[in-house]
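Heads up, work04.csv below (CSV, C-alpha atoms and all ligand atoms):
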chain,number,residue,atom,x,y,z
T,1,MET,CA,-14.9,39.5,49.3
T,2,LYS,CA,-11.8,39.0,51.3
T,3,GLU,CA,-10.4,36.0,53.1
T,4,ALA,CA,-11.3,36.2,56.8
T,5,LEU,CA,-8.9,36.5,59.7
T,6,LEU,CA,-9.0,34.3,62.8
T,7,TYR,CA,-10.3,31.0,61.5
T,8,GLU,CA,-9.1,27.4,61.4
T,9,LYS,CA,-9.4,24.9,58.7
T,10,LEU,CA,-11.0,21.6,59.8
T,11,ASP,CA,-11.5,18.2,58.1
T,12,ASN,CA,-13.7,17.9,55.0
T,13,ARG,CA,-13.1,21.6,54.1
T,14,LYS,CA,-15.1,22.8,57.1
T,15,VAL,CA,-13.8,25.9,58.9
T,16,LYS,CA,-14.1,27.2,62.5
T,17,CYS,CA,-14.4,31.0,62.9
T,18,ASN,CA,-12.7,32.4,66.0
T,19,LEU,CA,-13.7,36.0,65.6
T,20,CYS,CA,-16.6,35.9,68.1
T,21,ALA,CA,-17.7,33.6,70.9
T,22,HIS,CA,-20.2,31.8,68.6
T,23,HIS,CA,-17.1,30.0,67.2
T,24,CYS,CA,-19.2,28.9,64.2
T,25,LYS,CA,-18.2,25.6,62.5
T,26,ILE,CA,-19.1,26.2,58.9
T,27,ALA,CA,-19.4,23.6,56.1
T,28,PRO,CA,-18.5,24.4,52.5
T,29,GLY,CA,-21.2,26.6,50.9
T,30,LYS,CA,-22.6,27.6,54.4
T,31,TRP,CA,-22.5,30.9,56.3
T,32,GLY,CA,-21.8,31.8,59.9
T,33,ILE,CA,-24.5,33.1,62.3
T,34,CYS,CA,-23.7,36.7,61.3
T,35,ASN,CA,-24.6,35.9,57.7
T,36,VAL,CA,-21.7,37.8,56.3
T,37,ARG,CA,-19.0,35.1,56.4
T,38,GLU,CA,-19.2,32.2,54.0
T,39,ASN,CA,-17.1,29.0,53.6
T,40,ILE,CA,-16.2,28.9,50.0
T,41,ASN,CA,-14.4,25.7,49.2
T,42,GLY,CA,-12.8,25.4,52.6
T,43,THR,CA,-11.8,29.1,52.8
T,44,LEU,CA,-13.7,31.5,55.1
T,45,GLN,CA,-14.5,34.7,53.2
T,46,THR,CA,-16.1,37.9,54.5
T,47,HIS,CA,-18.6,39.6,52.2
T,48,VAL,CA,-18.6,43.0,54.0
T,49,TYR,CA,-15.0,44.1,53.6
T,50,GLY,CA,-14.7,47.6,52.1
T,51,ARG,CA,-18.5,48.3,51.9
T,52,THR,CA,-20.2,50.6,54.4
T,53,ILE,CA,-24.0,50.6,54.7
T,54,ALA,CA,-23.9,53.6,57.1
T,55,ARG,CA,-21.5,56.5,57.2
T,56,HIS,CA,-22.0,59.7,59.2
T,57,VAL,CA,-20.1,62.3,61.2
T,58,ASP,CA,-21.4,62.1,64.7
T,59,PRO,CA,-20.6,63.8,68.0
T,60,ILE,CA,-18.5,61.2,70.1
T,61,GLU,CA,-21.2,61.7,72.7
T,62,LYS,CA,-23.7,59.8,70.5
T,63,LYS,CA,-21.7,56.6,70.7
T,64,PRO,CA,-22.0,57.2,73.7
T,65,LEU,CA,-18.5,58.0,74.9
T,66,TYR,CA,-18.6,60.8,77.4
T,67,HIS,CA,-15.0,60.6,78.7
T,68,PHE,CA,-13.1,60.2,75.5
T,69,TYR,CA,-12.3,63.5,73.7
T,70,PRO,CA,-15.5,65.2,74.8
T,71,GLY,CA,-17.0,67.5,72.3
T,72,SER,CA,-15.1,65.9,69.3
T,73,LYS,CA,-16.5,64.5,66.1
T,74,ALA,CA,-16.3,60.8,65.2
T,75,PHE,CA,-16.4,59.6,61.6
T,76,SER,CA,-18.8,56.7,62.1
T,77,ILE,CA,-19.0,53.7,59.8
T,78,GLY,CA,-20.8,50.3,59.8
T,79,THR,CA,-21.3,47.5,57.4
T,80,ALA,CA,-24.3,45.2,57.1
T,81,GLY,CA,-24.6,42.3,59.6
T,82,CYS,CA,-24.4,41.4,63.2
T,83,ASN,CA,-23.6,38.3,65.3
T,84,PHE,CA,-26.6,39.1,67.6
T,85,HIS,CA,-30.3,39.2,66.7
T,86,CYS,CA,-31.6,41.5,69.4
T,87,ASP,CA,-35.4,41.7,69.5
T,88,PHE,CA,-35.1,45.5,70.3
T,89,CYS,CA,-32.4,46.3,67.7
T,90,GLN,CA,-32.8,49.9,66.5
T,91,ASN,CA,-30.7,49.2,63.4
T,92,CYS,CA,-32.4,45.9,62.4
T,93,ALA,CA,-32.7,47.0,58.8
T,94,ILE,CA,-28.9,46.9,58.4
T,95,SER,CA,-27.9,44.6,61.3
T,96,GLN,CA,-30.0,41.6,60.2
T,97,VAL,CA,-28.9,40.1,56.9
T,98,THR,CA,-32.1,38.6,55.9
T,99,SER,CA,-31.3,38.4,52.2
T,100,PRO,CA,-28.0,38.5,50.3
T,101,GLY,CA,-29.1,41.7,48.5
T,102,ILE,CA,-28.3,43.7,51.7
T,103,LEU,CA,-24.7,42.9,51.3
T,104,GLU,CA,-24.7,44.8,48.0
T,105,LEU,CA,-26.1,48.0,49.5
T,106,GLY,CA,-24.0,51.0,50.6
T,107,SER,CA,-20.8,52.3,49.1
T,108,THR,CA,-17.3,51.0,48.8
T,109,SER,CA,-14.1,52.7,50.0
T,110,SER,CA,-10.6,51.6,50.6
T,111,PRO,CA,-9.2,52.0,54.2
T,112,ALA,CA,-7.1,54.9,53.0
T,113,GLU,CA,-10.2,56.6,51.6
T,114,ILE,CA,-12.1,56.2,54.9
T,115,VAL,CA,-9.2,57.8,56.8
T,116,GLN,CA,-9.0,60.7,54.4
T,117,GLU,CA,-12.8,61.3,54.6
T,118,ALA,CA,-12.5,61.4,58.4
T,119,LEU,CA,-9.7,63.9,58.3
T,120,ASP,CA,-11.5,66.0,55.7
T,121,ALA,CA,-14.6,66.1,58.0
T,122,GLY,CA,-12.5,67.4,60.9
T,123,CYS,CA,-13.0,64.3,63.0
T,124,ARG,CA,-10.8,63.2,65.9
T,125,SER,CA,-11.7,59.6,65.7
T,126,ILE,CA,-13.1,56.8,63.5
T,127,ALA,CA,-16.0,54.9,65.2
T,128,TYR,CA,-16.9,51.4,64.1
T,129,THR,CA,-20.5,51.3,65.0
T,130,TYR,CA,-24.2,51.1,64.0
T,131,THR,CA,-24.0,47.3,63.6
T,132,GLU,CA,-21.2,45.2,65.2
T,133,PRO,CA,-17.6,45.9,64.4
T,134,THR,CA,-16.6,42.3,65.2
T,135,ILE,CA,-18.2,41.1,62.0
T,136,PHE,CA,-16.4,43.6,59.9
T,137,PHE,CA,-13.1,43.2,61.8
T,138,GLU,CA,-10.9,42.7,58.7
T,139,TYR,CA,-12.0,46.2,57.5
T,140,CYS,CA,-11.4,47.7,60.9
T,141,ASN,CA,-8.0,46.1,61.2
T,142,ASP,CA,-6.9,47.7,57.9
T,143,ILE,CA,-8.3,51.1,58.7
T,144,GLY,CA,-7.2,51.3,62.3
T,145,PRO,CA,-3.4,51.4,61.9
T,146,LEU,CA,-3.8,53.9,59.0
T,147,ALA,CA,-6.0,56.1,61.2
T,148,ARG,CA,-3.5,56.0,64.0
T,149,GLU,CA,-0.7,57.0,61.6
T,150,ALA,CA,-2.8,60.0,60.5
T,151,GLY,CA,-3.3,61.1,64.1
T,152,LEU,CA,-6.9,59.7,64.5
T,153,LYS,CA,-8.2,57.6,67.3
T,154,ASN,CA,-10.2,54.4,66.8
T,155,VAL,CA,-13.3,53.4,68.8
T,156,PHE,CA,-15.6,50.4,68.8
T,157,VAL,CA,-19.3,50.4,69.8
T,158,SER,CA,-19.8,46.8,70.4
T,159,ASN,CA,-22.0,44.1,72.0
T,160,GLY,CA,-18.7,42.7,73.5
T,161,PHE,CA,-19.1,39.2,72.1
T,162,MET,CA,-15.7,39.2,70.3
T,163,THR,CA,-13.0,36.8,71.3
T,164,SER,CA,-9.9,37.8,73.3
T,165,GLU,CA,-7.8,36.9,70.2
T,166,MET,CA,-9.6,39.6,68.3
T,167,LEU,CA,-9.1,42.2,71.1
T,168,ASP,CA,-5.4,41.2,71.2
T,169,ILE,CA,-5.0,41.9,67.5
T,170,SER,CA,-6.9,45.2,67.8
T,171,SER,CA,-5.1,46.5,70.9
T,172,PRO,CA,-2.2,48.2,69.1
T,173,TRP,CA,-4.6,50.6,67.4
T,174,LEU,CA,-7.9,50.5,69.3
T,175,ASP,CA,-8.3,53.4,71.8
T,176,ALA,CA,-11.8,53.1,73.2
T,177,VAL,CA,-14.8,50.8,73.3
T,178,ASN,CA,-18.3,51.2,74.4
T,179,VAL,CA,-19.8,47.8,75.3
T,180,ASP,CA,-23.5,47.1,75.7
T,181,LEU,CA,-24.2,45.2,78.9
T,182,LYS,CA,-27.7,44.3,77.9
T,183,ALA,CA,-28.7,42.2,80.9
T,184,TYR,CA,-27.1,40.2,83.7
T,185,GLN,CA,-29.0,37.0,83.0
T,186,ASP,CA,-27.6,34.4,80.6
T,187,GLU,CA,-31.1,33.3,79.7
T,188,THR,CA,-32.0,36.8,78.5
T,189,TYR,CA,-28.9,36.9,76.3
T,190,ARG,CA,-29.9,33.6,74.8
T,191,ARG,CA,-33.6,34.3,74.3
T,192,LEU,CA,-33.6,38.0,73.2
T,193,MET,CA,-30.3,38.4,71.5
T,194,GLY,CA,-29.0,35.0,70.4
T,195,GLY,CA,-25.8,35.5,72.5
T,196,ARG,CA,-24.5,34.6,76.0
T,197,LEU,CA,-23.6,36.7,79.0
T,198,HIS,CA,-20.2,35.3,80.1
T,199,PRO,CA,-18.2,36.1,77.0
T,200,VAL,CA,-19.4,39.7,77.2
T,201,LEU,CA,-18.2,40.1,80.8
T,202,GLU,CA,-14.9,38.5,79.9
T,203,SER,CA,-14.4,40.9,77.0
T,204,MET,CA,-15.0,43.9,79.2
T,205,LYS,CA,-12.4,42.7,81.7
T,206,HIS,CA,-10.0,42.1,78.8
T,207,ILE,CA,-10.5,45.6,77.4
T,208,VAL,CA,-9.7,47.1,80.8
T,209,ASN,CA,-6.7,44.9,81.3
T,210,LYS,CA,-5.4,45.9,77.8
T,211,GLY,CA,-5.5,49.6,78.9
T,212,ILE,CA,-8.2,50.5,76.3
T,213,TRP,CA,-10.7,53.1,77.5
T,214,LEU,CA,-14.0,51.5,78.3
T,215,GLU,CA,-17.5,52.8,78.8
T,216,VAL,CA,-20.6,50.6,79.4
T,217,THR,CA,-24.1,51.1,78.2
T,218,SER,CA,-27.2,49.3,79.5
T,219,LEU,CA,-30.6,49.7,77.7
T,220,ILE,CA,-33.1,49.2,80.5
T,221,ILE,CA,-36.1,47.4,79.2
T,222,PRO,CA,-39.3,47.1,81.3
T,223,GLY,CA,-39.9,43.5,82.5
T,224,ILE,CA,-36.6,42.3,81.0
T,225,ASN,CA,-33.7,43.6,82.9
T,226,ASP,CA,-35.1,46.3,85.2
T,227,SER,CA,-35.5,44.4,88.5
T,228,GLN,CA,-33.6,46.0,91.4
T,229,GLY,CA,-31.6,42.8,91.8
T,230,GLU,CA,-30.4,42.8,88.2
T,231,LEU,CA,-29.6,46.5,88.1
T,232,ARG,CA,-27.5,46.0,91.2
T,233,GLN,CA,-25.7,43.0,89.6
T,234,MET,CA,-24.8,45.1,86.6
T,235,ALA,CA,-23.6,48.0,88.7
T,236,HIS,CA,-21.6,45.8,91.0
T,237,PHE,CA,-19.9,44.0,88.1
T,238,ILE,CA,-18.8,47.3,86.6
T,239,ALA,CA,-17.6,48.7,89.9
T,240,ASN,CA,-15.9,45.5,91.2
T,241,GLU,CA,-14.5,44.0,88.1
T,242,LEU,CA,-13.9,47.0,85.8
T,243,GLY,CA,-13.5,49.9,88.1
T,244,VAL,CA,-15.5,52.7,89.7
T,245,ASP,CA,-14.2,55.1,87.1
T,246,VAL,CA,-15.8,53.2,84.2
T,247,PRO,CA,-18.7,55.4,83.1
T,248,TRP,CA,-22.1,53.6,83.0
T,249,HIS,CA,-24.7,54.9,80.5
T,250,ILE,CA,-28.2,53.9,81.5
T,251,SER,CA,-30.3,54.2,78.4
T,252,ARG,CA,-34.1,54.6,78.1
T,253,PHE,CA,-35.9,52.0,76.0
T,254,PHE,CA,-38.5,52.9,73.4
T,255,PRO,CA,-40.7,50.3,71.6
T,256,GLY,CA,-39.5,49.0,68.3
T,257,TYR,CA,-38.7,46.1,66.0
T,258,LYS,CA,-40.0,42.9,67.7
T,259,MET,CA,-40.7,44.7,71.0
T,260,GLU,CA,-43.4,47.2,69.8
T,261,ASP,CA,-45.7,46.1,72.7
T,262,VAL,CA,-43.3,46.9,75.5
T,263,SER,CA,-43.7,50.4,77.2
T,264,PRO,CA,-40.9,52.9,77.3
T,265,THR,CA,-38.8,52.7,80.4
T,266,SER,CA,-40.2,54.9,83.2
T,267,LEU,CA,-38.1,57.8,84.5
T,268,ASP,CA,-38.6,56.2,88.0
T,269,THR,CA,-36.9,53.0,86.8
T,270,LEU,CA,-34.0,55.0,85.3
T,271,GLN,CA,-33.5,56.7,88.6
T,272,LYS,CA,-33.5,53.3,90.4
T,273,ALA,CA,-30.8,52.2,88.0
T,274,LYS,CA,-28.8,55.3,88.8
T,275,GLU,CA,-29.2,54.6,92.5
T,276,ALA,CA,-27.9,51.1,92.0
T,277,GLY,CA,-24.9,52.5,90.4
T,278,GLU,CA,-24.3,55.0,93.2
T,279,GLU,CA,-24.7,52.3,95.8
T,280,ALA,CA,-22.1,50.2,94.0
T,281,GLY,CA,-19.7,53.2,94.1
T,282,LEU,CA,-19.6,54.2,90.5
T,283,ASN,CA,-18.2,57.7,89.9
T,284,TYR,CA,-19.8,58.5,86.6
T,285,ILE,CA,-23.4,57.5,85.8
T,286,TYR,CA,-25.4,58.9,83.0
T,287,ILE,CA,-29.0,58.6,81.9
T,288,GLY,CA,-29.5,58.6,78.1
T,289,ASN,CA,-32.4,58.9,75.7
T,290,VAL,CA,-34.0,61.5,78.0
T,291,PRO,CA,-33.7,65.0,76.3
T,292,ALA,CA,-32.5,67.9,78.5
T,293,SER,CA,-31.8,65.6,81.5
T,294,ALA,CA,-29.3,66.9,84.0
T,295,ASP,CA,-28.1,63.3,84.3
T,296,GLN,CA,-26.2,63.8,81.1
T,297,ASN,CA,-23.7,66.1,82.8
T,298,THR,CA,-20.4,65.0,84.3
T,299,LEU,CA,-20.0,66.0,88.0
T,300,CYS,CA,-16.9,65.9,90.1
T,301,PRO,CA,-17.2,62.7,92.2
T,302,SER,CA,-15.6,64.6,95.1
T,303,CYS,CA,-17.2,68.1,95.3
T,304,LEU,CA,-20.1,67.5,92.9
T,305,ASP,CA,-19.3,70.6,90.8
T,306,THR,CA,-20.6,70.3,87.2
T,307,LEU,CA,-17.6,69.7,85.0
T,308,ILE,CA,-19.0,68.9,81.6
T,309,GLU,CA,-22.4,70.3,80.8
T,310,ARG,CA,-24.3,68.6,77.9
T,311,TYR,CA,-27.4,69.3,76.0
T,312,GLY,CA,-28.4,66.3,74.0
T,313,TYR,CA,-25.2,65.1,72.3
T,314,GLN,CA,-23.7,68.6,72.4
T,315,VAL,CA,-21.1,69.7,75.0
T,316,VAL,CA,-22.2,73.1,76.2
T,317,ALA,CA,-19.3,73.6,78.6
T,318,ASN,CA,-16.2,71.7,79.7
T,319,ASN,CA,-14.5,73.0,82.8
T,320,ILE,CA,-12.0,70.2,83.4
T,321,THR,CA,-8.6,71.8,83.7
T,322,ASN,CA,-5.5,69.7,83.2
T,323,GLY,CA,-7.5,66.6,83.9
T,324,GLN,CA,-8.7,68.0,87.2
T,325,CYS,CA,-11.8,69.5,88.8
T,326,PRO,CA,-11.0,73.3,89.0
T,327,GLN,CA,-12.9,73.6,92.3
T,328,CYS,CA,-11.3,70.8,94.4
T,329,GLY,CA,-8.4,69.4,92.3
T,330,TYR,CA,-9.9,65.9,92.1
T,331,ARG,CA,-8.4,64.0,89.1
T,332,ILE,CA,-11.1,63.1,86.6
T,333,SER,CA,-10.9,60.0,84.5
T,334,VAL,CA,-11.1,61.4,81.0
T,335,VAL,CA,-9.1,60.9,77.9
T,336,GLY,CA,-8.2,63.9,75.7
T,401,LIG,S1,-18.0,36.3,63.4
T,401,LIG,FE1,-19.8,35.3,62.3
T,401,LIG,S2,-19.0,33.4,61.5
T,401,LIG,FE2,-17.5,34.1,63.0
T,401,LIG,S3,-18.0,33.1,64.9
T,401,LIG,FE3,-19.1,35.1,64.9
T,401,LIG,S4,-21.1,34.7,64.0
T,401,LIG,FE4,-19.8,32.9,63.5
T,402,LIG,S1,-25.9,43.8,69.0
T,402,LIG,FE1,-26.6,45.8,68.4
T,402,LIG,S2,-26.6,45.9,66.2
T,402,LIG,FE2,-26.6,43.7,66.8
T,402,LIG,S3,-28.7,43.1,66.8
T,402,LIG,FE3,-28.2,43.7,68.9
T,402,LIG,S4,-28.8,45.9,69.0
T,402,LIG,FE4,-28.7,45.3,66.8

What does the file become when written as structure tokens?
Amino acid sequence: MKEALLYEKLDNRKVKCNLCAHHCKIAPGKWGICNVRENINGTLQTHVYGRTIARHVDPIEKKPLYHFYPGSKAFSIGTAGCNFHCDFCQNCAISQVTSPGILELGSTSSPAEIVQEALDAGCRSIAYTYTEPTIFFEYCNDIGPLAREAGLKNVFVSNGFMTSEMLDISSPWLDAVNVDLKAYQDETYRRLMGGRLHPVLESMKHIVNKGIWLEVTSLIIPGINDSQGELRQMAHFIANELGVDVPWHISRFFPGYKMEDVSPTSLDTLQKAKEAGEEAGLNYIYIGNVPASADQNTLCPSCLDTLIERYGYQVVANNITNGQCPQCGYRISVVG
């Protein structure tokens, strides 16, 4: 256990957590919505500091981040718990803390040990992922600066529901974020995820304004967020509010967790989403969860030459030269 960051003490030993947009007000002996933060006698404590429940070396493309050190390895860690409860969560066994026993699973490491493990594995970055980095922020905030000192980058894979205060504290050491834009209807966020849309949109704008590299992922679920109107709204938000160079990853849904009865996204729908992105003027649109798709490659937005060729999560070829297309000289938005 460790005392939490970003909380206020209220009357009667209640506390208010300001780490995410839920802003839970928690009475003594009670827990926040994420089920990892507990008010113990008027002090907010996190139960997930220093204990990872998942830890792997992944290609950075798996996050997905396609324009951030392409072809590099990311040391990926996550703790138990999440501030959302998505009906389609692929990591529900570790994201949903349904019993306190889950908080005892996994293995413990100090921040310095995590950094050393990442270096030993030849990684370029540490990715805080699998569940939601916001709810293990205290751990990230101790690892991040050490990672920076050791020459590593830090990336979040997030639902974007953190507060701007949390992003402000992270910005000295946070290099890139992939945010899930899961829908463009507030009602969908409330019903299927236990969240809200507006804070997610604001977080993405804040990330861009802070100069942190951003990529956006949208899992397209049949009957939930796949209408032409909603696909256009998502694409236009990214283009108009975040910038046409922000990559948009359109991801194919497969049945799972509480949505076993929903069909996989059709390839036709994924193409319609891509068209919505093109119509909005986005320069980099990718289709994920479709093996061997040509829509995983990075094309030059000007001459359409293939610049980065991918097969699955592997970079097969990277022709970007000094940040430019070797054919026409167009400057490509890529980090590293
Ligand atoms: S991090 Fe957890 S306790 Fe804090 S506001 Fe979010 S859900 Fe509530
Ligand atoms: S935000 Fe991600 S980890 Fe959390 S419940 Fe939703 S899909 Fe799972």

* To do: Find the residues around Gly288 in chain T up to 10 Å (all atoms listed in the file counted), leave out those fewer than 5 positions away in its own chain, and share them as a ChimeraX atom specification.
  => /T:62,64,217-219,249-253,270,293,295-296,312-313

* Residues near Leu6 in chain T, cut-off 7 Å, only C-alpha atoms, skip fewer than 4 positions along chain, as JSON, numbers by chain -> {"T": [17, 18, 19]}

Contacts between ligand LIG 402 (chain T) and chain T, please, where a residue of chain T counts if it comes within 12 Å (with all atoms listed in the file); show its shortest atom pair and distance in Å to one decimal, rows by chain and ascending number, as a tab-separated table.
residue	atom	partner	partner_atom	distance
T:Ile33	CA	T:LIG402	FE2	11.7
T:Cys34	CA	T:LIG402	FE2	9.4
T:Gly78	CA	T:LIG402	S2	9.7
T:Thr79	CA	T:LIG402	S2	10.4
T:Ala80	CA	T:LIG402	S2	9.4
T:Gly81	CA	T:LIG402	FE2	7.6
T:Cys82	CA	T:LIG402	FE2	4.8
T:Asn83	CA	T:LIG402	FE2	6.4
T:Phe84	CA	T:LIG402	S3	4.6
T:His85	CA	T:LIG402	S3	4.2
T:Cys86	CA	T:LIG402	FE3	4.1
T:Asp87	CA	T:LIG402	S3	7.4
T:Phe88	CA	T:LIG402	S4	6.4
T:Cys89	CA	T:LIG402	S4	3.8
T:Gln90	CA	T:LIG402	FE4	6.2
T:Asn91	CA	T:LIG402	FE4	5.5
T:Cys92	CA	T:LIG402	FE4	5.8
T:Ala93	CA	T:LIG402	FE4	9.1
T:Ile94	CA	T:LIG402	S2	8.2
T:Ser95	CA	T:LIG402	S2	5.2
T:Gln96	CA	T:LIG402	S3	6.9
T:Val97	CA	T:LIG402	S3	10.3
T:Tyr128	CA	T:LIG402	S2	11.3
T:Thr129	CA	T:LIG402	S2	8.2
T:Tyr130	CA	T:LIG402	S2	6.1
T:Thr131	CA	T:LIG402	S2	3.9
T:Glu132	CA	T:LIG402	S2	5.5
T:Pro133	CA	T:LIG402	S2	9.2
T:Thr134	CA	T:LIG402	S1	10.2
T:Ile135	CA	T:LIG402	FE2	10.0
T:Phe156	CA	T:LIG402	FE1	11.9
T:Val157	CA	T:LIG402	FE1	8.7
T:Ser158	CA	T:LIG402	S1	6.9
T:Asn159	CA	T:LIG402	S1	4.9
T:Gly160	CA	T:LIG402	S1	8.6
T:Phe161	CA	T:LIG402	S1	8.8
T:Met162	CA	T:LIG402	S1	11.3
T:Asn178	CA	T:LIG402	FE1	11.6
T:Val179	CA	T:LIG402	S1	9.6
T:Asp180	CA	T:LIG402	S1	7.8
T:Leu181	CA	T:LIG402	S1	10.1
T:Lys182	CA	T:LIG402	FE3	9.0
T:Tyr189	CA	T:LIG402	FE3	10.1
T:Arg190	CA	T:LIG402	FE3	11.8
T:Leu192	CA	T:LIG402	FE3	9.0
T:Met193	CA	T:LIG402	FE3	6.3
T:Gly194	CA	T:LIG402	FE3	8.9
T:Gly195	CA	T:LIG402	S1	9.0
T:Arg196	CA	T:LIG402	S1	11.6
T:Val200	CA	T:LIG402	S1	11.2
T:Thr217	CA	T:LIG402	FE1	11.4
T:Ser218	CA	T:LIG402	S4	11.2
T:Leu219	CA	T:LIG402	S4	9.7
T:Phe253	CA	T:LIG402	S4	11.7
T:Gly256	CA	T:LIG402	S4	11.2
T:Tyr257	CA	T:LIG402	FE4	10.1
T:Lys258	CA	T:LIG402	S3	11.3

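Selection around (-3.6, 55.9, 61.7) with radius 12 Å, counting all atoms listed in the file, yields the residues T:Pro111, T:Ala112, T:Ile114, T:Val115, T:Gln116, T:Ala118, T:Leu119, T:Arg124, T:Ser125, T:Ile126, T:Cys140, T:Asn141, T:Asp142, T:Ile143, T:Gly144, T:Pro145, T:Leu146, T:Ala147, T:Arg148, T:Glu149, T:Ala150, T:Gly151, T:Leu152, T:Lys153, T:Asn154, T:Pro172, T:Trp173, T:Leu174, T:Asp175.
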
* Structure fact -> Using all atoms listed in the file, the best pick from T:Asp11, T:Glu138, T:Glu309, T:Glu104 as closest to ligand LIG 401 (chain T) would be T:Glu138

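For the pair CA of Asp186 in chain T and CA of His198 in chain T, the interatomic distance is 7.5 Å.
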
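Each of T:Asn297, T:Ala273, T:Met1, T:Glu38 was compared to Val315 in chain T using all atoms listed in the file, and T:Asn297 turns out to be the nearest.
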
* To do: Could you tell me how far CA of Ala176 in chain T lies from CA of Val290 in chain T, in Å and to one decimal?
  => 24.2 Å

* Separation of CA of Gln233 in chain T from atom FE4 of ligand LIG 401 (chain T), in Å and rounded to one decimal -> 28.6 Å

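Between ligand LIG 401 (chain T) and the candidates T:Ala74, T:Gly223, T:Gly29, T:Phe137, the tightest atom-to-atom separation, counting all atoms listed in the file, involves T:Phe137.
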
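Checking T:Cys20, T:Ala4, T:Met166, T:Val177 one by one against ligand LIG 401 (chain T), counting only C-alpha atoms and all ligand atoms, you find the shortest gap at T:Cys20.
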
* Between T:Gln271, T:Ser109, T:Thr163, T:Ser72, which has the minimum distance to ligand LIG 401 (chain T) (counting all atoms listed in the file)? -> T:Thr163

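With distances restricted to all atoms listed in the file, T:Arg37 is the closest residue to ligand LIG 401 (chain T) from T:Lys205, T:Lys14, T:Lys2, T:Arg37.
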
Would you compute the box with edges along x, y and z of the file around ligand LIG 401 (chain T), including every atom the file lists for it and 5 Å extra on each side, and give its centre and edge lengths in Å to one decimal, as AutoDock Vina command-line options?
--center_x -19.3 --center_y 34.6 --center_z 63.2 --size_x 13.6 --size_y 13.4 --size_z 13.4

* Asked: Can you list, as a list of chain:residue names, every protein, DNA or RNA residue that comes within 8 Å of Cys328 in chain T when you count only C-alpha atoms, leaving out same-chain residues fewer than 3 positions away?
  -> T:Ser302, T:Cys303, T:Cys325
